[in-house]
Amino acid sequence: MSQLQRETRVADGSLSLVQAKHRKQSRIKQVWKRIRKNRPALVGLAILCIFLFFTVFAHLIADYDTMAIRHDTAHRLEPPSRQHIFGTDEFGRDIFARTIHGGRVSLSVGLISTFVAVLLGGVVGLAAGYYGGRFDGIVMRIIDVLMGIPVILVAISIAAALGPGVTNLLIAITIAQIPRFVIITRSMILTTVGQEYVEAARAYGSRDAHILFRHVLPNAMGQIVVQATMNVSSMILATAALSFLGMGVQPPAPEWGSMLSDGREFMRYSMHVVLYPGLAISFASLALNMLGDGLRDALDPRQG
Amino acid sequence: MHKYVLRRVMLLVPVLLGVTFVVFSIMALTPGDPGTLILGQNASEEAIRQINEQLGHNDPFLVKYFRYVKNAVRGDFGSSYRTQKPVFQEIFVRFPTTLKLAIGATLLAAVIGIPIGIISAVKQYSLLDMVTTVTAIFLASVPQFWLGLMLILFFALRMRLLPAIGVDTYKGYIMPMFTLSLPVAASILRLTRTAMLEVIRQDYIRTARAKGAKELTIILRHALKNALLPIITIVGLNFGYLLGGTVLVEAIFGIPGVGTLTITSIRMKDMPQTTASIIFLSATYCTILLAMDILYAYVDPRLRARFAK
Amino acid sequence: MTKLLTVRDLYVQYETDGLVTRAVNGVNLYLNKGETLGLVGETGAGKTTTALSIMRLLPGNGKIVSGEIEVEGQDTLSLPEASMRLLRGEKMSMIFQDPMTSLNPILTVGDQIAEVVRLHRDFGEQRVQQRVDEILGLVGIQPQRKTEYPHQFSGGMKQRVVIAIALACEPELLIADEPTTALDVTIQAQILSMMNRLKRDMQTSMVLITHDLGVVVRMCDRVAIMYAGEIVESGLTEDLFAGSAHHPYTTGLFGSIPNLSVSTDRLNPIDGLMPDPTDLPTGCRFHPRCPQAMEVCQRLAPSDWASNTHTIKCHLFPGAEKREWSA
């Protein structure tokens with residue numbers, strides 16, 4: 001397709017699908033190029049891949065039942081060795097195995113809850129920002145109230161009310177994060193809706209939904225991806241916090257937070273019991289933050 | 001200005017009402033009834049039913065809610081399922097400790113974060129800047145409760161410098177305060193840096209230079225004062241994060257504050273206590289947010305002007 | 001008589017991410033006491049960079065590569081920063097293009113004017129305030145308004161405040177970078193006549209940067225036309241407007257002004273665009289756009305042809321034969 005054909009617009013003001021996809025692909029390539037230059041972001045991405053590798057293939061690397069669950073009282077609280085890279089816990093279970101299996105919970109809860117929160121929060125925020133008026137007013141009042149309760153407390157209270165278990169944990173954390181995304185998407189929409197190219201689109205007759213998808217969303221998308229990435233990091237921390245308090249994942253299933261609370265009483269002489277799960281949480285969260293930072297810089301139109 | 005303050009204070013009331021509604025509704029989802037929770041599973045059905053009647057458990061939801069609010073306004077947040085004592089009393093006793101911790105941590109975070117953020121911005125791309133940025137990202141990613149555990153490990157158990165548990169002396173406050181404040185300090189640092197970098201690019205800074213003003217004056221008087229606006233906002237928002245964090249930190253350090261109370265009452269399924277504790281913490285957060293808003297209007301004459309009429 | 005300002009062979013460049021932008025390439029200027037010199041050119045010609053270099057207010061990635069700048073006979077490029085600061089606001093002031101963003105939003109207008117007075121004068125606070133009131137009156141703002149904030153003033157009033165700040169210490173040299181471009185045409189006229197009046201009363205000399213030839217006629221004694229970081233033509237205002245010999249660029253500029261009394265179908269812009277300062281043409285910088293370009297123009301950079309007060313840098317006017325190969 002020639003350059004001229006690419007630029008020619010079809011009568012109703014929209015580009016044909018092929019042209020649109022071409023444009024989107026080159027944008028992604030552009031962002032990717034910028035990220036490649038950002039070293040911390042690459043480090044974050046690398047760490048994240050390592051985590052993903054270990055958690056996805058956890059079953060193959062360390063058998064769940066024999067290593068993560070089964071008690072082996074003969075080998076309690078052993079420091080790191082060749083057989084047990086991270087050592088063993090108070091029941092003789094291999095900490096490395098428990099860490100990578102625990103990672104499955106943390107990462108999947110983090111990803112799923114962020115995805116759902118972005119979706120639900122995003123839809124509400126989009127509607128509130130775009131249509132404005134009374135609906136927007138009501139939504140903002142509700143959000144004001146919800147934001148008046150510290151996020152962790154919302155999660156804790158929902159988890160407390162629903163009871164222990166991973167699903168309840170997931171629900172609690174997701175709901176606690178929704179208001180944040182409502183605000184983010186709403187302000188994104190408000191800044192782009194005010195722009196002149198939206199007015200221009202309206203002027204040549206595009207319908208609302210069309211404007212939303214063609215003009216508003218692509219611009220907001222970038223910011224939302226950044227926020228979502230950082231958010232997965234907070235979700236991982238929140239999951240660990242709630243499990244630490246005893247809500248969420250129940251024994252004997254491993255989870256980073258509960259491993260910390262279990263290991264606490266032994267930490268004086270067996271530091272490894274709390275060191276490694278804690279490092280796991282920290283690095284997972286760190287990787288996502290660095291990646292999110294890098295994405296934010298890469299998407300900033302003023303740079304480069 | 002006064003009108004603005006008054007209006008914002010009055011807006012606090014519906015927000016607080018909303019907060020009580022949300023918390024109340026969430027806690028109402030808890031399975032179980034007061035009777036069983038107070039008397040235990042083995043008590044007689046009759047006794048259980050009696051207590052439920054007494055506490056109005058079988059009334060419709062909204063009736064229960066309005067009764068709760070009506071009593072709350074008079075200071076009666078119900079009695080603890082566990083101790084039978086008024087819930088508010090217990091919170092009241094513990095509140096100063098938590099408040100000391102939270103406000104101390106916030107101030108510490110600001111004192112650490114803002115100056116380093118300024119220096120980082122002024123000396124952008126220097127070694128100091130790189131080091132602090134990396135450290136800040138790291139601190140912001142580390143889970144608070146783990147940080148607390150590690151601090152206890154090194155400073156209390158290994159080096160025996162500070163007490164591991166409790167706040168009998170002022171020393172007991174040091175580690176919990178640092179645990180709470182370091183992630184927040186990291187966040188404040190990064191924001192200060194970004195805000196300062198943004199402000200330094202502005203035209204009015206160039207005007208100040210053209211006047212022949214000294215660099216230090218430009219940084220402190222012209223740049224920082226303008227950068228202060230988003231910084232105040234972020235300090236306010238982080239206070240909420242911090243208050244939530246007290247729940248975990250108090251648990252780790254064995255501090256008798258509202259945070260540990262919340263956790264204990266959750267474990268004991270002590271609904272009135274839990275509800276009141278969370279409402280109380282939230283109310284504190286809302287008040288601080290209000291204070292930040294007013295401070296913000298005070299610093300920025302453009303906002304002041306808008307609400308002076 | 002020493003000239004107030006002399007700029008000799010100034011070369012300034014910016015460096016970002018390894019890319020070098022040659023903003024100013026061998027500029028020669030001078031300003032006599034009491035004069036107004038107009039510095040004319042399109043956006044990107046290097047006018048602001050020249051001005052910032054005189055004030056030594058270039059941003060971090062800007063660098064004065066070579067050249068000399070003298071203010072009242074004193075070499076300012078070799079001065080330490082502390083001495084430079086004493087000069088700024090006191091001996092030489094600069095006002096910038098956009099009044100909307102030039103004032104600090106959270107300080108009162110009076111405060112911002114007082115700041116420059118306090119920096120350079122050893123006055124007691126009362127005397128400082130007196131001066132603030134004085135200067136506000138001179139720019140046509142009621143002194144009572146000094147406790148107000150910038151957002152409470154209109155664009156034109158803001159620019160008056162900016163001018164007040166610049167003139168509060170009665171500097172010898174005022175550099176005005178497109179001071180009225182961001183304002184309405186009617187306000188423009190007011191501000192310009194006010195500036196003329198003040199300039200006369202305080203005996204300040206001015207470098208006025210503009211792209212508007214109408215402003216030049218009103219305000220300037222002498223003019224310099226800038227293109228791609230070089231002065232291509234300079235002289236008295238009469239030389240430029242009434243004379244017959246001109247640099248092709250100047251001819252193009254004047255030709256592009258629409259004539260109200262003649263009806264035309266099309267405007268007459270100069271073909272092409274200002275060259276990319278990171279990739280300047282060889283020889284004469286203007287040759288790709290010049291309707292009278294000759295073969296020599298792309299090989300060799302032209303040198304100045306001077307006649308009395310009028311200088312032109314073009315091969316059509318052969319200057320002193322300096323075999324200068326293009327940089």
# chains A, B, ... in the order shown; residues from 1 in each chain; ligands from 1
>>> residues_around(residues="Ser25 in chain B", least_positions_apart="5", cutoff="12 Å", atoms="only C-alpha atoms", output="PDB file with C-alpha atoms, in the first residue's frame")
ATOM      1  CA  VAL A 154     -10.954  -1.936  52.775  1.00  0.00           C
ATOM      2  CA  SER A 157     -12.472  -5.659  56.172  1.00  0.00           C
ATOM      3  CA  ILE A 158     -13.814  -7.392  53.078  1.00  0.00           C
ATOM      4  CA  ALA A 161     -16.136 -10.461  56.423  1.00  0.00           C
TER       5      ALA A 161
ATOM      6  CA  GLY B  18     -20.741   7.418  53.764  1.00  0.00           C
ATOM      7  CA  VAL B  19     -17.701   5.801  55.327  1.00  0.00           C
ATOM      8  CA  THR B  20     -19.731   4.434  58.217  1.00  0.00           C
ATOM      9  CA  THR B  30     -19.802 -11.515  58.146  1.00  0.00           C
ATOM     10  CA  PHE B  61     -30.490  -3.799  57.297  1.00  0.00           C
ATOM     11  CA  LEU B  62     -31.291  -0.115  56.980  1.00  0.00           C
ATOM     12  CA  LYS B  64     -29.819  -1.530  61.885  1.00  0.00           C
ATOM     13  CA  TYR B  65     -27.697   1.014  60.078  1.00  0.00           C
ATOM     14  CA  PHE B  66     -29.659   4.038  61.196  1.00  0.00           C
ATOM     15  CA  TYR B  68     -25.959   2.405  64.539  1.00  0.00           C
ATOM     16  CA  MET B 271     -17.852  -7.213  64.873  1.00  0.00           C
ATOM     17  CA  THR B 275     -16.370  -1.855  62.654  1.00  0.00           C
ATOM     18  CA  ILE B 279     -14.360   3.710  61.017  1.00  0.00           C
TER      19      ILE B 279
END
>>> residues_around(residues="Val142 in chain B", least_positions_apart="2", cutoff="10 Å", atoms="only C-alpha atoms", output="list in words")
Leu237, Gly278, Leu279, Ala280, Ile281, Ser282, Phe283, Ala284, Ser285 and Leu286 of chain A; Ile137, Phe138, Leu139, Ala140, Gln144, Phe145, Trp146, Leu147, Leu182 and Pro183 of chain B
>>> interface_residues(of="chain B", to="chain C", cutoff="9 Å", atoms="only C-alpha atoms", output="PDB file with C-alpha atoms, in the first residue's frame")
ATOM      1  CA  GLN B 202       9.232  26.900  33.940  1.00  0.00           C
ATOM      2  CA  ASP B 203       9.664  30.371  32.464  1.00  0.00           C
ATOM      3  CA  TYR B 204       9.360  32.211  35.751  1.00  0.00           C
ATOM      4  CA  ILE B 205      12.504  30.512  36.980  1.00  0.00           C
ATOM      5  CA  ARG B 206      14.306  32.001  33.992  1.00  0.00           C
ATOM      6  CA  THR B 207      12.885  35.404  34.904  1.00  0.00           C
ATOM      7  CA  ALA B 208      14.243  35.015  38.422  1.00  0.00           C
ATOM      8  CA  ARG B 209      17.668  34.170  37.019  1.00  0.00           C
ATOM      9  CA  ALA B 210      17.509  37.189  34.731  1.00  0.00           C
ATOM     10  CA  LYS B 211      17.033  39.310  37.828  1.00  0.00           C
ATOM     11  CA  GLY B 212      20.332  38.095  39.155  1.00  0.00           C
ATOM     12  CA  ALA B 213      18.900  36.074  42.027  1.00  0.00           C
ATOM     13  CA  LYS B 214      21.173  33.595  43.764  1.00  0.00           C
ATOM     14  CA  HIS B 222      10.820  30.187  43.642  1.00  0.00           C
ATOM     15  CA  LYS B 225       7.273  26.826  46.925  1.00  0.00           C
ATOM     16  CA  ASN B 226       5.674  25.963  43.607  1.00  0.00           C
ATOM     17  CA  VAL B 299      -0.234  27.910  49.788  1.00  0.00           C
ATOM     18  CA  ASP B 300      -1.735  28.450  46.350  1.00  0.00           C
ATOM     19  CA  PRO B 301      -3.202  31.927  45.987  1.00  0.00           C
ATOM     20  CA  ARG B 302      -5.092  30.896  42.877  1.00  0.00           C
ATOM     21  CA  ALA B 305      -8.919  33.546  45.244  1.00  0.00           C
TER      22      ALA B 305
END
>>> closest_atom_pairs(of="chain C", to="chain A", cutoff="12 Å", atoms="only C-alpha atoms", output="tab-separated table")
residue	atom	partner	partner_atom	distance
C:Thr16	CA	A:Gly304	CA	9.5
C:Asp17	CA	A:Gly304	CA	8.5
C:Gly18	CA	A:Gly304	CA	11.7
C:Leu19	CA	A:Gly304	CA	11.5
>>> closest_residue(among="B:Val111, B:Ile51, B:Leu157, B:Arg67", to="Ser270 in chain A", atoms="only C-alpha atoms")
B:Leu157
